[in-house]
$ cat final.cif   # mmCIF, C-alpha atoms
data_model
#
loop_
_atom_site.group_PDB
_atom_site.id
_atom_site.type_symbol
_atom_site.label_atom_id
_atom_site.label_comp_id
_atom_site.auth_asym_id
_atom_site.auth_seq_id
_atom_site.Cartn_x
_atom_site.Cartn_y
_atom_site.Cartn_z
ATOM 1 C CA MET A 46 -27.632 21.280 -8.681
ATOM 2 C CA LYS A 47 -24.592 21.572 -6.443
ATOM 3 C CA LYS A 48 -21.094 21.229 -7.870
ATOM 4 C CA THR A 49 -19.324 18.201 -6.449
ATOM 5 C CA ILE A 50 -15.911 18.367 -4.794
ATOM 6 C CA VAL A 51 -13.317 15.836 -3.689
ATOM 7 C CA ILE A 52 -10.673 16.941 -1.176
ATOM 8 C CA VAL A 53 -7.216 15.366 -1.484
ATOM 9 C CA ASP A 54 -5.183 16.007 1.665
ATOM 10 C CA ASP A 55 -3.191 13.696 3.921
ATOM 11 C CA HIS A 56 -4.094 15.737 7.015
ATOM 12 C CA LEU A 57 -7.460 14.245 7.933
ATOM 13 C CA LEU A 58 -8.394 16.967 10.424
ATOM 14 C CA ILE A 59 -7.812 19.680 7.834
ATOM 15 C CA ALA A 60 -9.725 17.721 5.197
ATOM 16 C CA LYS A 61 -12.689 17.163 7.493
ATOM 17 C CA ALA A 62 -12.693 20.797 8.575
ATOM 18 C CA LEU A 63 -12.727 21.852 4.919
ATOM 19 C CA GLU A 64 -15.539 19.405 4.231
ATOM 20 C CA GLY A 65 -17.627 20.948 6.997
ATOM 21 C CA ILE A 66 -17.003 24.464 5.702
ATOM 22 C CA ILE A 67 -17.742 23.648 2.066
ATOM 23 C CA ASP A 68 -20.881 21.666 2.832
ATOM 24 C CA ASN A 69 -22.318 24.888 4.248
ATOM 25 C CA PHE A 70 -21.832 26.620 0.905
ATOM 26 C CA GLU A 71 -25.010 26.914 -1.125
ATOM 27 C CA ASP A 72 -23.578 25.725 -4.442
ATOM 28 C CA PHE A 73 -21.033 23.076 -3.451
ATOM 29 C CA GLN A 74 -20.913 19.648 -1.857
ATOM 30 C CA VAL A 75 -17.979 17.459 -0.809
ATOM 31 C CA ILE A 76 -18.587 13.891 -1.966
ATOM 32 C CA ASP A 77 -15.315 12.269 -0.895
ATOM 33 C CA VAL A 78 -11.916 12.735 0.758
ATOM 34 C CA ALA A 79 -8.681 11.088 -0.376
ATOM 35 C CA GLU A 80 -5.387 10.956 1.525
ATOM 36 C CA ASN A 81 -3.112 11.384 -1.512
ATOM 37 C CA GLY A 82 -3.016 10.986 -5.277
ATOM 38 C CA LYS A 83 -2.693 7.230 -5.148
ATOM 39 C CA ASP A 84 -5.729 6.964 -2.892
ATOM 40 C CA LEU A 85 -7.665 9.218 -5.279
ATOM 41 C CA ILE A 86 -6.806 7.060 -8.299
ATOM 42 C CA GLU A 87 -7.850 3.923 -6.437
ATOM 43 C CA LYS A 88 -11.183 5.532 -5.574
ATOM 44 C CA PHE A 89 -11.769 6.448 -9.218
ATOM 45 C CA GLU A 90 -10.837 2.957 -10.379
ATOM 46 C CA SER A 91 -13.262 1.433 -7.872
ATOM 47 C CA GLY A 92 -16.133 3.362 -9.435
ATOM 48 C CA LYS A 93 -16.365 6.381 -7.171
ATOM 49 C CA LYS A 94 -18.134 9.377 -8.716
ATOM 50 C CA ILE A 95 -15.924 11.767 -10.687
ATOM 51 C CA PRO A 96 -16.271 15.267 -9.159
ATOM 52 C CA ASP A 97 -16.504 18.643 -10.832
ATOM 53 C CA ILE A 98 -13.688 20.074 -8.714
ATOM 54 C CA ILE A 99 -10.742 18.690 -6.772
ATOM 55 C CA LEU A 100 -9.150 20.624 -3.914
ATOM 56 C CA LEU A 101 -5.596 19.360 -4.024
ATOM 57 C CA ASP A 102 -2.899 19.618 -1.372
ATOM 58 C CA ILE A 103 0.703 19.694 -2.605
ATOM 59 C CA SER A 104 2.775 18.004 0.115
ATOM 60 C CA MET A 105 1.498 14.440 0.466
ATOM 61 C CA PRO A 106 3.130 11.002 0.777
ATOM 62 C CA LEU A 107 3.107 8.327 -1.963
ATOM 63 C CA MET A 108 1.804 10.687 -4.668
ATOM 64 C CA ASN A 109 2.043 14.437 -4.124
ATOM 65 C CA GLY A 110 -0.022 17.264 -5.542
ATOM 66 C CA PHE A 111 2.255 17.943 -8.504
ATOM 67 C CA GLU A 112 2.098 14.300 -9.628
ATOM 68 C CA THR A 113 -1.638 14.091 -8.967
ATOM 69 C CA ALA A 114 -2.390 17.264 -10.954
ATOM 70 C CA GLU A 115 -0.382 15.931 -13.882
ATOM 71 C CA TRP A 116 -2.240 12.590 -13.746
ATOM 72 C CA LEU A 117 -5.590 14.372 -13.630
ATOM 73 C CA LYS A 118 -4.617 16.564 -16.575
ATOM 74 C CA GLU A 119 -3.890 13.460 -18.653
ATOM 75 C CA ASN A 120 -6.740 11.247 -17.470
ATOM 76 C CA HIS A 121 -9.566 13.581 -16.369
ATOM 77 C CA PRO A 122 -8.974 16.949 -18.061
ATOM 78 C CA ASP A 123 -12.549 18.091 -17.418
ATOM 79 C CA ILE A 124 -12.008 18.132 -13.655
ATOM 80 C CA LYS A 125 -11.099 21.598 -12.397
ATOM 81 C CA VAL A 126 -8.149 21.357 -10.003
ATOM 82 C CA MET A 127 -7.708 23.954 -7.259
ATOM 83 C CA ALA A 128 -4.396 23.735 -5.406
ATOM 84 C CA LEU A 129 -4.951 24.451 -1.717
ATOM 85 C CA SER A 130 -1.648 24.521 0.097
ATOM 86 C CA MET A 131 0.579 26.099 2.711
ATOM 87 C CA GLN A 132 3.145 26.647 -0.053
ATOM 88 C CA GLY A 133 3.068 30.000 -1.793
ATOM 89 C CA GLU A 134 6.538 29.919 -3.313
ATOM 90 C CA ASP A 135 6.942 30.866 -6.968
ATOM 91 C CA HIS A 136 8.165 27.432 -8.036
ATOM 92 C CA SER A 137 5.162 25.692 -6.436
ATOM 93 C CA VAL A 138 2.693 27.961 -8.216
ATOM 94 C CA ILE A 139 4.554 27.616 -11.522
ATOM 95 C CA LYS A 140 4.698 23.830 -11.316
ATOM 96 C CA MET A 141 1.027 23.429 -10.372
ATOM 97 C CA ILE A 142 -0.064 25.683 -13.247
ATOM 98 C CA ARG A 143 2.169 23.760 -15.634
ATOM 99 C CA ASN A 144 0.677 20.475 -14.407
ATOM 100 C CA GLY A 145 -2.868 21.617 -15.066
ATOM 101 C CA ALA A 146 -4.159 23.355 -11.932
ATOM 102 C CA LYS A 147 -6.755 26.000 -12.735
ATOM 103 C CA GLY A 148 -6.663 27.662 -9.329
ATOM 104 C CA TYR A 149 -4.354 28.221 -6.379
ATOM 105 C CA LEU A 150 -5.164 29.199 -2.802
ATOM 106 C CA LEU A 151 -3.339 29.166 0.516
ATOM 107 C CA LYS A 152 -4.826 27.226 3.406
ATOM 108 C CA ASN A 153 -5.201 30.370 5.510
ATOM 109 C CA THR A 154 -7.819 31.652 3.052
ATOM 110 C CA HIS A 155 -11.002 32.930 4.705
ATOM 111 C CA PRO A 156 -14.049 30.671 4.133
ATOM 112 C CA LYS A 157 -15.882 33.462 2.284
ATOM 113 C CA ASP A 158 -12.908 33.876 -0.051
ATOM 114 C CA LEU A 159 -12.814 30.109 -0.567
ATOM 115 C CA GLU A 160 -16.470 30.127 -1.593
ATOM 116 C CA THR A 161 -15.837 33.015 -3.985
ATOM 117 C CA ALA A 162 -12.838 31.210 -5.458
ATOM 118 C CA LEU A 163 -14.833 28.018 -5.991
ATOM 119 C CA LYS A 164 -17.610 29.955 -7.726
ATOM 120 C CA LYS A 165 -15.151 31.677 -10.041
ATOM 121 C CA LEU A 166 -13.379 28.397 -10.757
ATOM 122 C CA SER A 167 -16.705 26.757 -11.571
ATOM 123 C CA ASP A 168 -18.074 29.637 -13.677
ATOM 124 C CA ASP A 169 -14.938 30.951 -15.380
ATOM 125 C CA GLY A 170 -12.787 27.826 -15.497
ATOM 126 C CA PHE A 171 -9.958 29.320 -13.460
ATOM 127 C CA PHE A 172 -9.193 31.288 -10.304
ATOM 128 C CA TYR A 173 -5.949 32.759 -9.015
ATOM 129 C CA PRO A 174 -5.522 35.273 -6.197
ATOM 130 C CA ASP A 175 -5.189 38.922 -7.146
ATOM 131 C CA TRP A 176 -1.388 38.960 -7.036
ATOM 132 C CA ALA A 177 -1.251 36.246 -9.697
ATOM 133 C CA SER A 178 -4.423 36.711 -11.719
ATOM 134 C CA LYS A 179 -3.466 40.201 -12.924
ATOM 135 C CA ILE A 180 -0.131 38.847 -14.123
ATOM 136 C CA ILE A 181 -1.571 35.768 -15.773
ATOM 137 C CA PHE A 182 -4.540 37.142 -17.598
ATOM 138 C CA SER A 183 -3.817 40.828 -18.274
ATOM 139 C CA ASN A 184 -3.024 41.803 -21.841
ATOM 140 C CA MET A 185 -2.186 38.248 -22.925
ATOM 141 C CA ASN A 186 -4.196 38.279 -26.125
ATOM 142 C CA ASP A 187 -4.398 41.896 -27.285
ATOM 143 C CA ASP A 188 -3.025 42.900 -30.646
ATOM 144 C CA LYS A 189 -0.213 44.980 -29.193
ATOM 145 C CA ASN A 190 1.189 42.018 -27.261
ATOM 146 C CA ASN A 191 0.854 39.752 -30.289
ATOM 147 C CA GLU A 192 3.035 42.162 -32.252
ATOM 148 C CA LYS A 193 5.545 42.305 -29.407
ATOM 149 C CA LYS A 194 5.721 38.496 -29.277
ATOM 150 C CA LYS A 195 7.004 38.471 -32.838
ATOM 151 C CA LYS A 196 9.949 40.594 -31.705
ATOM 152 C CA ILE A 197 11.107 38.297 -28.895
ATOM 153 C CA SER A 198 14.692 37.321 -29.638
ATOM 154 C CA GLU A 199 15.875 33.723 -29.747
ATOM 155 C CA ARG A 200 17.861 34.272 -26.547
ATOM 156 C CA GLU A 201 14.792 35.688 -24.821
ATOM 157 C CA LYS A 202 12.826 32.641 -25.959
ATOM 158 C CA GLU A 203 15.553 30.406 -24.525
ATOM 159 C CA PHE A 204 15.367 32.322 -21.251
ATOM 160 C CA LEU A 205 11.570 31.888 -21.153
ATOM 161 C CA THR A 206 11.929 28.103 -21.452
ATOM 162 C CA TYR A 207 13.972 28.137 -18.253
ATOM 163 C CA THR A 208 11.551 30.325 -16.284
ATOM 164 C CA VAL A 209 9.169 27.367 -15.882
ATOM 165 C CA THR A 210 11.888 25.287 -14.201
ATOM 166 C CA GLU A 211 13.081 25.464 -10.612
ATOM 167 C CA LEU A 212 16.501 26.790 -11.658
ATOM 168 C CA SER A 213 17.707 30.011 -10.040
ATOM 169 C CA TYR A 214 18.609 32.949 -12.262
ATOM 170 C CA LYS A 215 22.284 32.179 -11.593
ATOM 171 C CA GLU A 216 21.772 28.573 -12.742
ATOM 172 C CA ILE A 217 19.875 29.783 -15.808
ATOM 173 C CA ALA A 218 22.843 31.989 -16.667
ATOM 174 C CA GLU A 219 25.130 28.954 -16.472
ATOM 175 C CA LYS A 220 22.808 26.983 -18.762
ATOM 176 C CA MET A 221 22.749 29.845 -21.255
ATOM 177 C CA CYS A 222 26.525 30.375 -21.023
ATOM 178 C CA CYS A 223 26.180 34.027 -20.112
ATOM 179 C CA SER A 224 26.464 36.232 -17.052
ATOM 180 C CA PRO A 225 23.731 36.585 -14.399
ATOM 181 C CA ARG A 226 23.524 40.264 -15.366
ATOM 182 C CA THR A 227 22.638 39.294 -18.933
ATOM 183 C CA VAL A 228 19.896 36.987 -17.667
ATOM 184 C CA GLU A 229 18.565 39.811 -15.496
ATOM 185 C CA SER A 230 18.542 41.983 -18.615
ATOM 186 C CA TYR A 231 16.388 39.404 -20.464
ATOM 187 C CA ARG A 232 14.069 39.278 -17.462
ATOM 188 C CA ASP A 233 13.744 43.056 -17.204
ATOM 189 C CA GLN A 234 13.191 43.513 -20.933
ATOM 190 C CA LEU A 235 10.433 40.896 -21.059
ATOM 191 C CA CYS A 236 8.755 42.209 -17.914
ATOM 192 C CA GLU A 237 8.737 45.731 -19.301
ATOM 193 C CA LYS A 238 7.585 44.610 -22.750
ATOM 194 C CA PHE A 239 4.615 42.579 -21.468
ATOM 195 C CA ASP A 240 3.865 44.438 -18.217
ATOM 196 C CA LEU A 241 4.887 41.508 -16.018
ATOM 197 C CA LYS A 242 6.242 41.822 -12.507
ATOM 198 C CA THR A 243 7.400 38.457 -11.161
ATOM 199 C CA ARG A 244 8.890 35.156 -12.238
ATOM 200 C CA VAL A 245 5.448 33.584 -11.866
ATOM 201 C CA GLY A 246 4.198 36.026 -14.475
ATOM 202 C CA LEU A 247 7.087 35.201 -16.816
ATOM 203 C CA ALA A 248 6.534 31.468 -16.373
ATOM 204 C CA VAL A 249 2.794 31.660 -17.003
ATOM 205 C CA PHE A 250 3.441 33.857 -20.052
ATOM 206 C CA ALA A 251 5.891 31.230 -21.345
ATOM 207 C CA ILE A 252 3.402 28.402 -20.801
ATOM 208 C CA LYS A 253 0.418 30.271 -22.277
ATOM 209 C CA ASN A 254 2.344 31.243 -25.391
ATOM 210 C CA GLY A 255 4.124 27.958 -26.113
ATOM 211 C CA PHE A 256 7.643 29.037 -25.189
ATOM 212 C CA ALA A 257 7.867 26.463 -22.383
ATOM 213 C CA ASP A 258 7.798 23.671 -24.966
ATOM 214 C CA SER A 259 10.468 25.145 -27.219
#

$ encode --input "final.cif" --output "structure tokens"
Amino acid sequence: MKKTIVIVDDHLLIAKALEGIIDNFEDFQVIDVAENGKDLIEKFESGKKIPDIILLDISMPLMNGFETAEWLKENHPDIKVMALSMQGEDHSVIKMIRNGAKGYLLKNTHPKDLETALKKLSDDGFFYPDWASKIIFSNMNDDKNNEKKKKISEREKEFLTYTVTELSYKEIAEKMCCSPRTVESYRDQLCEKFDLKTRVGLAVFAIKNGFADS
């Protein structure tokens, strides 16, 4: 049985093009298209079928992708959300992950890569491109890292809570009442300790390990 997909994108031509591509995939079928989060909610409330997967654009009027992902996380947590956007900035990825997205792709993704991503999302429960997946899922649960987590200082924990925000490192330094160089030191120490390379990696680490809620 094919996995069902709903596309949420305010650009109708893009949504219809995606629908045509996906409907040629062996294991997937698009059952509906919504123009934004509000439209999606109205469709659900009217009795439309709940899909297995939602391909979710970020920049939309009335109710954007961030708000829609958060609503889906609270109201339909079993739906797997794949962000599909032109935005590849760190803060967009961080925010979508924090709001419940289980995958993230750019709209210039090749159709074959899209099919692969959908299969992995369906089978494994998540999919991120190589540059993010290695950061997110490498060495998160091994014993060595668990021991290292116990040695994270209170100031490092405070820094981790800010990595999931949209604040710059300079603004984080102001919040922590320290110099930007000190903040960079916290960043470098944590990256070295847990083999992380970017702010996305730090943010995902913070979310996965409960530091974002401190």

$ atom_distance --input "final.cif" --atom1 "atom CA of A:Lys157" --atom2 "atom CA of A:Gln74"
15.3 Å

$ resolve_selection --input "final.cif" --expression "the PyMOL selection byres ((chain A and resi 210) around 9)" --output "count of residues only"
11

$ closest_residue --input "final.cif" --among "A:Cys236, A:Val51, A:Leu63, A:Cys222" --to "A:Lys152" --atoms "only C-alpha atoms"
A:Leu63

$ atom_distance --input "final.cif" --atom1 "atom CA of A:Leu129" --atom2 "atom CA of A:Ile103"
7.4 Å

$ residues_around --input "final.cif" --residues "A:Thr49" --least-positions-apart "4" --cutoff "9 Å" --atoms "only C-alpha atoms" --output "number ranges by chain"
A: 72-76, 95-99

$ atom_distance --input "final.cif" --atom1 "atom CA of A:Ala128" --atom2 "atom CA of A:Asp102"
6.0 Å

$ resolve_selection --input "final.cif" --expression "the PyMOL selection byres ((chain A and resi 164) around 12)" --output "PyMOL selection string"
chain A and resi 47-49+67+70-73+97-98+125+127+148+157-163+165-172

$ resolve_selection --input "final.cif" --expression "the PyMOL selection byres ((chain A and resi 111) around 9)" --output "PyMOL selection string"
chain A and resi 102-104+108-110+112-116+137+140-141+144

$ write_last_selection --input "final.cif" --atoms "C-alpha atoms" --output "tab-separated table (two decimals), in the frame of the given file"
chain	number	residue	atom	x	y	z
A	102	ASP	CA	-2.90	19.62	-1.37
A	103	ILE	CA	0.70	19.69	-2.60
A	104	SER	CA	2.78	18.00	0.12
A	108	MET	CA	1.80	10.69	-4.67
A	109	ASN	CA	2.04	14.44	-4.12
A	110	GLY	CA	-0.02	17.26	-5.54
A	112	GLU	CA	2.10	14.30	-9.63
A	113	THR	CA	-1.64	14.09	-8.97
A	114	ALA	CA	-2.39	17.26	-10.95
A	115	GLU	CA	-0.38	15.93	-13.88
A	116	TRP	CA	-2.24	12.59	-13.75
A	137	SER	CA	5.16	25.69	-6.44
A	140	LYS	CA	4.70	23.83	-11.32
A	141	MET	CA	1.03	23.43	-10.37
A	144	ASN	CA	0.68	20.48	-14.41

$ closest_residue --input "final.cif" --among "A:Ile217, A:Ile59, A:Ile124, A:Ile197" --to "A:Lys238" --atoms "all atoms listed in the file"
A:Ile197

$ closest_residue --input "final.cif" --among "A:Arg200, A:Lys94, A:His155, A:His56" --to "A:Cys223" --atoms "only C-alpha atoms"
A:Arg200

$ residues_around --input "final.cif" --residues "A:Met221" --least-positions-apart "4" --cutoff "10 Å" --atoms "only C-alpha atoms" --output "PyMOL selection string"
chain A and resi 200+203-204+207+215-217+225+227-228

$ closest_residue --input "final.cif" --among "A:Met46, A:Leu100, A:Ile66, A:Met105" --to "A:Asp84" --atoms "all atoms listed in the file"
A:Met105

$ closest_residue --input "final.cif" --among "A:Asn69, A:Gln234, A:Arg244, A:Lys83" --to "A:Leu117" --atoms "all atoms listed in the file"
A:Lys83

$ residues_around --input "final.cif" --residues "A:Lys242" --least-positions-apart "4" --cutoff "9 Å" --atoms "only C-alpha atoms" --output "PyMOL selection string"
chain A and resi 180+233+236-237+246-247
